[in-house]
Amino acid sequence: MMMTAPPVRTLFAVLAVLLFTAPLTLPARAELTVDITQGNIEPLPIAVPNFIASDDVARRFSIDIAQVISDNLERSGLFRPIDKQAFISQPQSLGVNPRFANWKPLNAQALVVGEVNIEPNGALRASFRLWDVFAENQMTGLSLTTTQANWRRVAHIISDTIYERITGEAGYFDTRIVYIAENGPSDRRVKRLSIMDQDGANHRFLTDGKTLVLTPRFSPTQQEITYLAYFNDQPRVYLFNIDTGEQELLGDFPGMTFAPRFSPDGDSVIMSFAEGGNSDIHVMDLRTRRVRRLTDNPAIDTGASYAPDGRKIVFESDRGGSQQLYVMNSDGGGQQRISFGDGRYGTPVWSPRGDLIAFTKIFRGTFHIGVMRPDGSGERLLTRGFLVEGPTWAPNGRVLMFFRQEKSDARGLGGTPRLFSIDLTGFNERELGTPVGGSDPAWSPGPLRQ
């Protein structure tokens, strides 16, 4: 059966997507899906051959795009890309149905067939189709046109499309991570604000390391970062514009300001002010620069994080005698404790799905990363170590990133921190390589916007 090639739409400066098939119902066989709510599931075998190339220039992109897709899917822990050396044949045309008999002996459950062309104006056009091999049905497809420099984003968007079609959940591959790059001796550690794609590619240092920086967080638009920086030994909260490199001080308040985070609408920044040994949570309206105080307690209140609808805030406080998690309304009312397990709790962050709160827990000298429901029920610990801290959510709410630090000497001092991700079920823990050590990661709230 011959199929016509999908229509192509020239895209604006970066790219857009065009789905050219709707999800199909497979009458002869149960629909190909992966249930990602389970624990340790068996990864789905998927074949990702090199994309078909129209010429030598396109061939370089066709190999690289296929490899990034394969790597993305493999790192998720839900897919097992089949070794290309085992392929019996290679797809020859995007417009012709694959020879499924060549893929079934490999037990390939899904097959990705793609094509790359270079347009007369130099633009890169990439198209692909996702096939259910045993049902012999096309599941979805996509066509993209963009500049050649954006080939990696093409691969991430295709990966997201495959992930979503098979799992039923939004993908998280077309996203970025901002974090603190660390290098040097522990007593003279240089810390720089840094940014990269979720797979570690396109890495950039945003600051030069002359000023200590901590706790970066994305704005909802992803064009700005709020973070803590020490200038003249004074900790202050700043905004950093990723596009222009400009940074702006958020007020010159007495005492310390720290632990900043944007509100879900991006109009405010919530942070802690410390003065006289006490810290409380305040929120600043970025348009008017007016500040409202949300907590007023002779204890340390900090680490605030909004629920995705902006109606609730989770924070940490030692007002009860030990470091615990509390939830309040966005106006500061209705404050109540939600953590009641053994140990101390900190660094809470609300899931973008709204269903869970991630946290760091310290119990009997060991650090844990865990999750609980917003009312404090259902606590689950996902990983542990000498020091594991600073959880951040992927925008689909199914994966967490954090940093891990191991002992480095007999005195028990910590070594170089490194970034790791882990599935919400507690499986598939993986290190994300960075040029130097890394801490305080923050995941962008959604696909890149440019």
# chains A, B, ... in the order shown; residues from 1 in each chain; ligands from 1
>>> select_by_dssp(residues="range 309-338 of chain A", states="strand (DSSP E or B)", output="number ranges by chain")
A: 312-317, 324-329, 336-337
>>> closest_atom_pairs(of="range 343-439 of chain A", to="range 319-325 of chain A", cutoff="10 Å", atoms="only C-alpha atoms", output="JSON lines")
{"residue": "A:Gly343", "atom": "CA", "partner": "A:Gln323", "partner_atom": "CA", "distance": 8.4}
{"residue": "A:Arg344", "atom": "CA", "partner": "A:Gln323", "partner_atom": "CA", "distance": 5.0}
{"residue": "A:Tyr345", "atom": "CA", "partner": "A:Gln324", "partner_atom": "CA", "distance": 4.8}
{"residue": "A:Gly346", "atom": "CA", "partner": "A:Gln324", "partner_atom": "CA", "distance": 6.6}
{"residue": "A:Thr347", "atom": "CA", "partner": "A:Leu325", "partner_atom": "CA", "distance": 8.9}
{"residue": "A:Pro348", "atom": "CA", "partner": "A:Leu325", "partner_atom": "CA", "distance": 7.3}
{"residue": "A:Ile357", "atom": "CA", "partner": "A:Leu325", "partner_atom": "CA", "distance": 9.9}
{"residue": "A:Phe359", "atom": "CA", "partner": "A:Leu325", "partner_atom": "CA", "distance": 8.7}
{"residue": "A:Lys361", "atom": "CA", "partner": "A:Gln324", "partner_atom": "CA", "distance": 9.2}
{"residue": "A:Ile362", "atom": "CA", "partner": "A:Gln323", "partner_atom": "CA", "distance": 9.6}
{"residue": "A:Gly376", "atom": "CA", "partner": "A:Leu325", "partner_atom": "CA", "distance": 8.7}
>>> atom_distance(atom1="CA of Asp252 in chain A", atom2="CA of Arg236 in chain A")
7.7 Å
>>> closest_residue(among="A:Phe51, A:Phe420, A:Tyr326, A:Phe100", to="Val112 in chain A", atoms="only C-alpha atoms")
A:Phe51
>>> closest_residue(among="A:Leu94, A:Asp55, A:Val48, A:Arg129", to="Ala108 in chain A", atoms="only C-alpha atoms")
A:Val48
>>> decode(residues="range 268-280 of chain A", atoms="N, CA and C atoms", output="PDB file, in the first residue's frame")
ATOM      1  N   SER A 268       5.155  37.147  40.053  1.00  0.00           N
ATOM      2  CA  SER A 268       5.688  37.372  41.385  1.00  0.00           C
ATOM      3  C   SER A 268       6.864  36.443  41.647  1.00  0.00           C
ATOM      4  N   VAL A 269       7.665  36.819  42.627  1.00  0.00           N
ATOM      5  CA  VAL A 269       8.717  35.953  43.136  1.00  0.00           C
ATOM      6  C   VAL A 269       8.526  35.820  44.634  1.00  0.00           C
ATOM      7  N   ILE A 270       8.479  34.578  45.107  1.00  0.00           N
ATOM      8  CA  ILE A 270       8.377  34.310  46.531  1.00  0.00           C
ATOM      9  C   ILE A 270       9.777  34.009  47.055  1.00  0.00           C
ATOM     10  N   MET A 271      10.108  34.532  48.249  1.00  0.00           N
ATOM     11  CA  MET A 271      11.456  34.380  48.789  1.00  0.00           C
ATOM     12  C   MET A 271      11.420  34.565  50.290  1.00  0.00           C
ATOM     13  N   SER A 272      12.563  34.319  50.924  1.00  0.00           N
ATOM     14  CA  SER A 272      12.670  34.486  52.363  1.00  0.00           C
ATOM     15  C   SER A 272      13.534  35.703  52.681  1.00  0.00           C
ATOM     16  N   PHE A 273      13.118  36.463  53.707  1.00  0.00           N
ATOM     17  CA  PHE A 273      13.909  37.554  54.246  1.00  0.00           C
ATOM     18  C   PHE A 273      14.375  37.128  55.632  1.00  0.00           C
ATOM     19  N   ALA A 274      15.646  37.308  55.917  1.00  0.00           N
ATOM     20  CA  ALA A 274      16.189  36.957  57.230  1.00  0.00           C
ATOM     21  C   ALA A 274      16.746  38.198  57.903  1.00  0.00           C
ATOM     22  N   GLU A 275      16.380  38.360  59.151  1.00  0.00           N
ATOM     23  CA  GLU A 275      16.862  39.508  59.913  1.00  0.00           C
ATOM     24  C   GLU A 275      16.813  39.157  61.395  1.00  0.00           C
ATOM     25  N   GLY A 276      17.918  39.379  62.091  1.00  0.00           N
ATOM     26  CA  GLY A 276      17.959  39.119  63.520  1.00  0.00           C
ATOM     27  C   GLY A 276      17.794  37.665  63.880  1.00  0.00           C
ATOM     28  N   GLY A 277      18.306  36.752  63.014  1.00  0.00           N
ATOM     29  CA  GLY A 277      18.215  35.329  63.318  1.00  0.00           C
ATOM     30  C   GLY A 277      16.887  34.699  62.986  1.00  0.00           C
ATOM     31  N   ASN A 278      15.980  35.455  62.410  1.00  0.00           N
ATOM     32  CA  ASN A 278      14.663  34.946  62.049  1.00  0.00           C
ATOM     33  C   ASN A 278      14.444  35.139  60.551  1.00  0.00           C
ATOM     34  N   SER A 279      13.738  34.222  59.919  1.00  0.00           N
ATOM     35  CA  SER A 279      13.415  34.401  58.500  1.00  0.00           C
ATOM     36  C   SER A 279      11.947  34.116  58.267  1.00  0.00           C
ATOM     37  N   ASP A 280      11.349  34.915  57.432  1.00  0.00           N
ATOM     38  CA  ASP A 280       9.945  34.744  57.055  1.00  0.00           C
ATOM     39  C   ASP A 280       9.814  34.804  55.540  1.00  0.00           C
TER      40      ASP A 280
END
